[in-house]
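A short write-up of the structure that comes next.
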Amino acid sequence: MRVREVEELSGRSGTTRFVLRDDEDNEYTTFRERIGREAMRFRGKRAHIQFHEEERRGFRNVYLDAIAPAPEPASESERPREAQPADESAWDTAVEAAPWIIGTREPQEAVPPEELYERLHPFKELVADDIRRAGSDDDEPDRS
């Protein structure tokens, strides 16, 4: 998990409470100053946490018991992927579709680069526009 923020809050009775929020908006609370101060060191970083949950007066409380550095992902495939830009994804798609756009999987002779570009570029633009439109529609309700 990634620690987004840690707040230090003072209660009316003089107690100090630390509230850790992760990048998915989950909250973990601790009244232990040592754990709270340690959590502050992980702002914006990956961390491994231990916690427990309790039901009190109809509320679910999640208490932070420990925090430590998260092990680094061993390989690229385990690392979280950032969104690939629309143009880059569109070029990947155009290159994969090239045999169908050109009209043959195994051309008799090499296609000149300029001709290949002229044939793939319009398709790439359509795909990139579609990706961008789909990305902007994620925030809007489906109207179909």
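Identifiers in the structure tokens: chain A, B, ... in order shown; residue index from 1 per chain; ligand index from 1 in order shown.
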Contacts of range 87-89 of chain A within 8 Å, only C-alpha atoms, excl. fewer than 6 positions in-chain, as a list in words |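 The residues that qualify are Lys124, Glu125 and Ala128 of chain A.
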Spatial neighbours of Pro85 in chain A, 12 Å, only C-alpha atoms, chain gap at least 4 places, as a PyMOL selection string = chain A and resi 81+89-92+127-129+131-132+135
Work out how far apart CA of Arg46 in chain A and CA of Glu33 in chain A are and give it in Å to one decimal.
-> 20.4 Å
From the set A:Glu5, A:Glu109, A:Glu96, A:Glu54, which residue has the shortest atom-to-atom contact distance to Phe42 in chain A, counting only C-alpha atoms?
->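 Selected residue with least distance to Phe42 in chain A: A:Glu5.
You can rank A:Glu72, A:Glu7, A:Glu114, A:Asp25 by their closest distance to Met40 in chain A using only C-alpha atoms, and at the top of that list sits A:Glu7.
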Would you mind writing down, as a ChimeraX atom specification, each residue of chain A that DSSP on the backbone assigns to alpha helix (DSSP H)?
-> /A:33-40,86-102,113-137
Export N, CA and C atoms of the chosen residues as a CSV table (one decimal), in the first residue's frame?
chain,number,residue,atom,x,y,z
A,33,GLU,N,2.2,7.0,20.0
A,33,GLU,CA,3.0,8.1,19.4
A,33,GLU,C,4.2,7.5,18.5
A,34,ARG,N,4.8,6.5,19.0
A,34,ARG,CA,5.9,5.9,18.3
A,34,ARG,C,5.5,5.4,16.9
A,35,ILE,N,4.3,4.7,16.8
A,35,ILE,CA,3.8,4.2,15.6
A,35,ILE,C,3.4,5.4,14.7
A,36,GLY,N,2.8,6.4,15.3
A,36,GLY,CA,2.3,7.5,14.5
A,36,GLY,C,3.5,8.3,13.9
A,37,ARG,N,4.5,8.5,14.7
A,37,ARG,CA,5.7,9.2,14.1
A,37,ARG,C,6.4,8.4,13.0
A,38,GLU,N,6.5,7.1,13.3
A,38,GLU,CA,7.0,6.2,12.2
A,38,GLU,C,6.2,6.3,10.9
A,39,ALA,N,4.9,6.3,11.1
A,39,ALA,CA,4.0,6.4,9.9
A,39,ALA,C,4.3,7.7,9.1
A,40,MET,N,4.6,8.8,9.8
A,40,MET,CA,4.8,10.0,9.1
A,40,MET,C,6.0,9.9,8.2
A,86,ALA,N,-2.2,7.7,-24.6
A,86,ALA,CA,-3.1,7.3,-25.7
A,86,ALA,C,-2.3,7.1,-27.0
A,87,ASP,N,-1.4,8.0,-27.3
A,87,ASP,CA,-0.7,7.9,-28.6
A,87,ASP,C,0.2,6.6,-28.6
A,88,GLU,N,0.8,6.3,-27.5
A,88,GLU,CA,1.7,5.2,-27.5
A,88,GLU,C,0.9,3.9,-27.6
A,89,SER,N,-0.2,3.8,-26.9
A,89,SER,CA,-1.1,2.7,-27.0
A,89,SER,C,-1.7,2.5,-28.4
A,90,ALA,N,-2.0,3.7,-29.0
A,90,ALA,CA,-2.6,3.6,-30.4
A,90,ALA,C,-1.5,3.1,-31.4
A,91,TRP,N,-0.3,3.6,-31.2
A,91,TRP,CA,0.8,3.1,-32.1
A,91,TRP,C,0.9,1.6,-31.9
A,92,ASP,N,0.9,1.1,-30.7
A,92,ASP,CA,1.0,-0.4,-30.5
A,92,ASP,C,-0.1,-1.1,-31.2
A,93,THR,N,-1.3,-0.6,-31.1
A,93,THR,CA,-2.4,-1.2,-31.8
A,93,THR,C,-2.3,-1.1,-33.3
A,94,ALA,N,-1.8,0.0,-33.8
A,94,ALA,CA,-1.7,0.1,-35.3
A,94,ALA,C,-0.6,-0.8,-35.8
A,95,VAL,N,0.5,-1.0,-35.1
A,95,VAL,CA,1.5,-1.9,-35.5
A,95,VAL,C,1.0,-3.4,-35.5
A,96,GLU,N,0.2,-3.7,-34.5
A,96,GLU,CA,-0.4,-5.1,-34.4
A,96,GLU,C,-1.4,-5.3,-35.6
A,97,ALA,N,-2.1,-4.2,-36.0
A,97,ALA,CA,-3.0,-4.3,-37.0
A,97,ALA,C,-2.4,-4.2,-38.4
A,98,ALA,N,-1.2,-3.8,-38.5
A,98,ALA,CA,-0.5,-3.5,-39.8
A,98,ALA,C,-0.8,-4.6,-40.9
A,99,PRO,N,-0.7,-5.9,-40.6
A,99,PRO,CA,-0.9,-6.9,-41.7
A,99,PRO,C,-2.3,-6.7,-42.3
A,100,TRP,N,-3.3,-6.4,-41.5
A,100,TRP,CA,-4.7,-6.2,-42.1
A,100,TRP,C,-4.8,-4.9,-42.8
A,101,ILE,N,-4.2,-3.9,-42.3
A,101,ILE,CA,-4.2,-2.5,-42.9
A,101,ILE,C,-3.5,-2.6,-44.3
A,102,ILE,N,-2.4,-3.2,-44.3
A,102,ILE,CA,-1.6,-3.3,-45.6
A,102,ILE,C,-2.3,-4.3,-46.5
A,113,PRO,N,9.0,2.7,-45.8
A,113,PRO,CA,8.6,3.3,-44.5
A,113,PRO,C,7.5,4.4,-44.7
A,114,GLU,N,7.7,5.3,-45.7
A,114,GLU,CA,6.8,6.4,-45.9
A,114,GLU,C,5.4,5.9,-46.2
A,115,GLU,N,5.3,4.8,-47.0
A,115,GLU,CA,4.0,4.3,-47.3
A,115,GLU,C,3.4,3.6,-46.1
A,116,LEU,N,4.2,2.9,-45.4
A,116,LEU,CA,3.7,2.2,-44.1
A,116,LEU,C,3.1,3.3,-43.2
A,117,TYR,N,3.9,4.4,-43.0
A,117,TYR,CA,3.4,5.4,-42.1
A,117,TYR,C,2.1,6.0,-42.6
A,118,GLU,N,2.0,6.3,-43.9
A,118,GLU,CA,0.8,6.9,-44.5
A,118,GLU,C,-0.4,6.0,-44.3
A,119,ARG,N,-0.2,4.7,-44.3
A,119,ARG,CA,-1.3,3.8,-44.1
A,119,ARG,C,-1.7,3.5,-42.6
A,120,LEU,N,-0.7,3.5,-41.7
A,120,LEU,CA,-0.9,3.3,-40.3
A,120,LEU,C,-1.4,4.5,-39.6
A,121,HIS,N,-0.8,5.7,-39.9
A,121,HIS,CA,-1.1,6.9,-39.2
A,121,HIS,C,-2.6,7.3,-39.0
A,122,PRO,N,-3.4,7.2,-40.1
A,122,PRO,CA,-4.8,7.5,-39.9
A,122,PRO,C,-5.5,6.6,-38.9
A,123,PHE,N,-5.2,5.3,-39.0
A,123,PHE,CA,-5.7,4.3,-38.1
A,123,PHE,C,-5.3,4.6,-36.6
A,124,LYS,N,-4.0,4.9,-36.5
A,124,LYS,CA,-3.5,5.3,-35.1
A,124,LYS,C,-4.2,6.4,-34.6
A,125,GLU,N,-4.5,7.5,-35.4
A,125,GLU,CA,-5.2,8.7,-34.9
A,125,GLU,C,-6.6,8.3,-34.4
A,126,LEU,N,-7.3,7.4,-35.2
A,126,LEU,CA,-8.7,7.0,-34.8
A,126,LEU,C,-8.6,6.3,-33.5
A,127,VAL,N,-7.7,5.4,-33.3
A,127,VAL,CA,-7.5,4.6,-32.0
A,127,VAL,C,-7.2,5.6,-30.9
A,128,ALA,N,-6.3,6.5,-31.1
A,128,ALA,CA,-5.9,7.4,-30.0
A,128,ALA,C,-7.1,8.3,-29.6
A,129,ASP,N,-7.9,8.8,-30.6
A,129,ASP,CA,-9.1,9.6,-30.3
A,129,ASP,C,-10.1,8.7,-29.5
A,130,ASP,N,-10.2,7.5,-29.8
A,130,ASP,CA,-11.2,6.6,-29.1
A,130,ASP,C,-10.7,6.4,-27.7
A,131,ILE,N,-9.4,6.2,-27.5
A,131,ILE,CA,-8.9,6.0,-26.1
A,131,ILE,C,-9.1,7.2,-25.3
A,132,ARG,N,-8.8,8.4,-25.9
A,132,ARG,CA,-9.0,9.6,-25.1
A,132,ARG,C,-10.5,9.8,-24.8
A,133,ARG,N,-11.3,9.6,-25.7
A,133,ARG,CA,-12.8,9.7,-25.5
A,133,ARG,C,-13.3,8.8,-24.4
A,134,ALA,N,-12.8,7.5,-24.4
A,134,ALA,CA,-13.2,6.6,-23.4
A,134,ALA,C,-12.7,7.0,-22.0
A,135,GLY,N,-11.5,7.6,-22.0
A,135,GLY,CA,-10.9,8.1,-20.7
A,135,GLY,C,-11.7,9.2,-20.2
A,136,SER,N,-12.2,10.1,-21.0
A,136,SER,CA,-13.0,11.3,-20.5
A,136,SER,C,-14.4,10.8,-20.2
A,137,ASP,N,-14.9,9.7,-20.8
A,137,ASP,CA,-16.3,9.3,-20.5
A,137,ASP,C,-16.3,8.5,-19.2
What gap, in Å, lies between CA of Arg2 in chain A and CA of Gln50 in chain A?
-> 13.6 Å
As a PyMOL selection string, list the residues of range 16-114 of chain A assigned to strand (DSSP E or B) by DSSP on the backbone atoms of this structure.
-> chain A and resi 16-22+27-30+46-56+59-69
Using the selection just defined, write its residues with C-alpha atoms as a PDB file, in the first residue's frame.
ATOM      1  CA  THR A  16      -2.910  12.524  20.394  1.00  0.00           C
ATOM      2  CA  ARG A  17      -4.358  10.451  17.582  1.00  0.00           C
ATOM      3  CA  PHE A  18      -2.603   9.697  14.291  1.00  0.00           C
ATOM      4  CA  VAL A  19      -4.694   8.915  11.206  1.00  0.00           C
ATOM      5  CA  LEU A  20      -2.966   7.284   8.232  1.00  0.00           C
ATOM      6  CA  ARG A  21      -4.754   7.407   4.850  1.00  0.00           C
ATOM      7  CA  ASP A  22      -3.640   5.248   1.971  1.00  0.00           C
ATOM      8  CA  GLU A  27      -8.023   5.083   7.202  1.00  0.00           C
ATOM      9  CA  TYR A  28      -5.977   3.515   9.994  1.00  0.00           C
ATOM     10  CA  THR A  29      -5.791   5.095  13.461  1.00  0.00           C
ATOM     11  CA  THR A  30      -3.250   4.791  16.262  1.00  0.00           C
ATOM     12  CA  ARG A  46       5.020   2.291  -0.096  1.00  0.00           C
ATOM     13  CA  ALA A  47       4.648   0.624   3.296  1.00  0.00           C
ATOM     14  CA  HIS A  48       3.636  -2.660   4.873  1.00  0.00           C
ATOM     15  CA  ILE A  49       1.186  -2.234   7.745  1.00  0.00           C
ATOM     16  CA  GLN A  50      -0.335  -4.409  10.439  1.00  0.00           C
ATOM     17  CA  PHE A  51      -3.752  -3.479  11.796  1.00  0.00           C
ATOM     18  CA  HIS A  52      -6.769  -4.833  13.602  1.00  0.00           C
ATOM     19  CA  GLU A  53     -10.458  -3.936  13.510  1.00  0.00           C
ATOM     20  CA  GLU A  54     -12.912  -3.444  16.353  1.00  0.00           C
ATOM     21  CA  GLU A  55     -16.661  -2.808  16.454  1.00  0.00           C
ATOM     22  CA  ARG A  56     -17.653  -0.152  18.988  1.00  0.00           C
ATOM     23  CA  PHE A  59     -18.831   1.745  14.277  1.00  0.00           C
ATOM     24  CA  ARG A  60     -15.963  -0.189  12.728  1.00  0.00           C
ATOM     25  CA  ASN A  61     -12.607   1.168  13.916  1.00  0.00           C
ATOM     26  CA  VAL A  62      -9.386   0.178  12.158  1.00  0.00           C
ATOM     27  CA  TYR A  63      -6.305   0.497  14.370  1.00  0.00           C
ATOM     28  CA  LEU A  64      -2.748   0.701  13.047  1.00  0.00           C
ATOM     29  CA  ASP A  65      -0.495  -1.704  14.993  1.00  0.00           C
ATOM     30  CA  ALA A  66       2.774  -1.447  13.036  1.00  0.00           C
ATOM     31  CA  ILE A  67       4.293   0.055   9.902  1.00  0.00           C
ATOM     32  CA  ALA A  68       7.450  -0.919   8.023  1.00  0.00           C
ATOM     33  CA  PRO A  69       8.996  -0.438   4.577  1.00  0.00           C
TER      34      PRO A  69
END
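The interatomic distance for the pair CA of Arg43 in chain A and CA of Ser13 in chain A works out to 27.1 Å.
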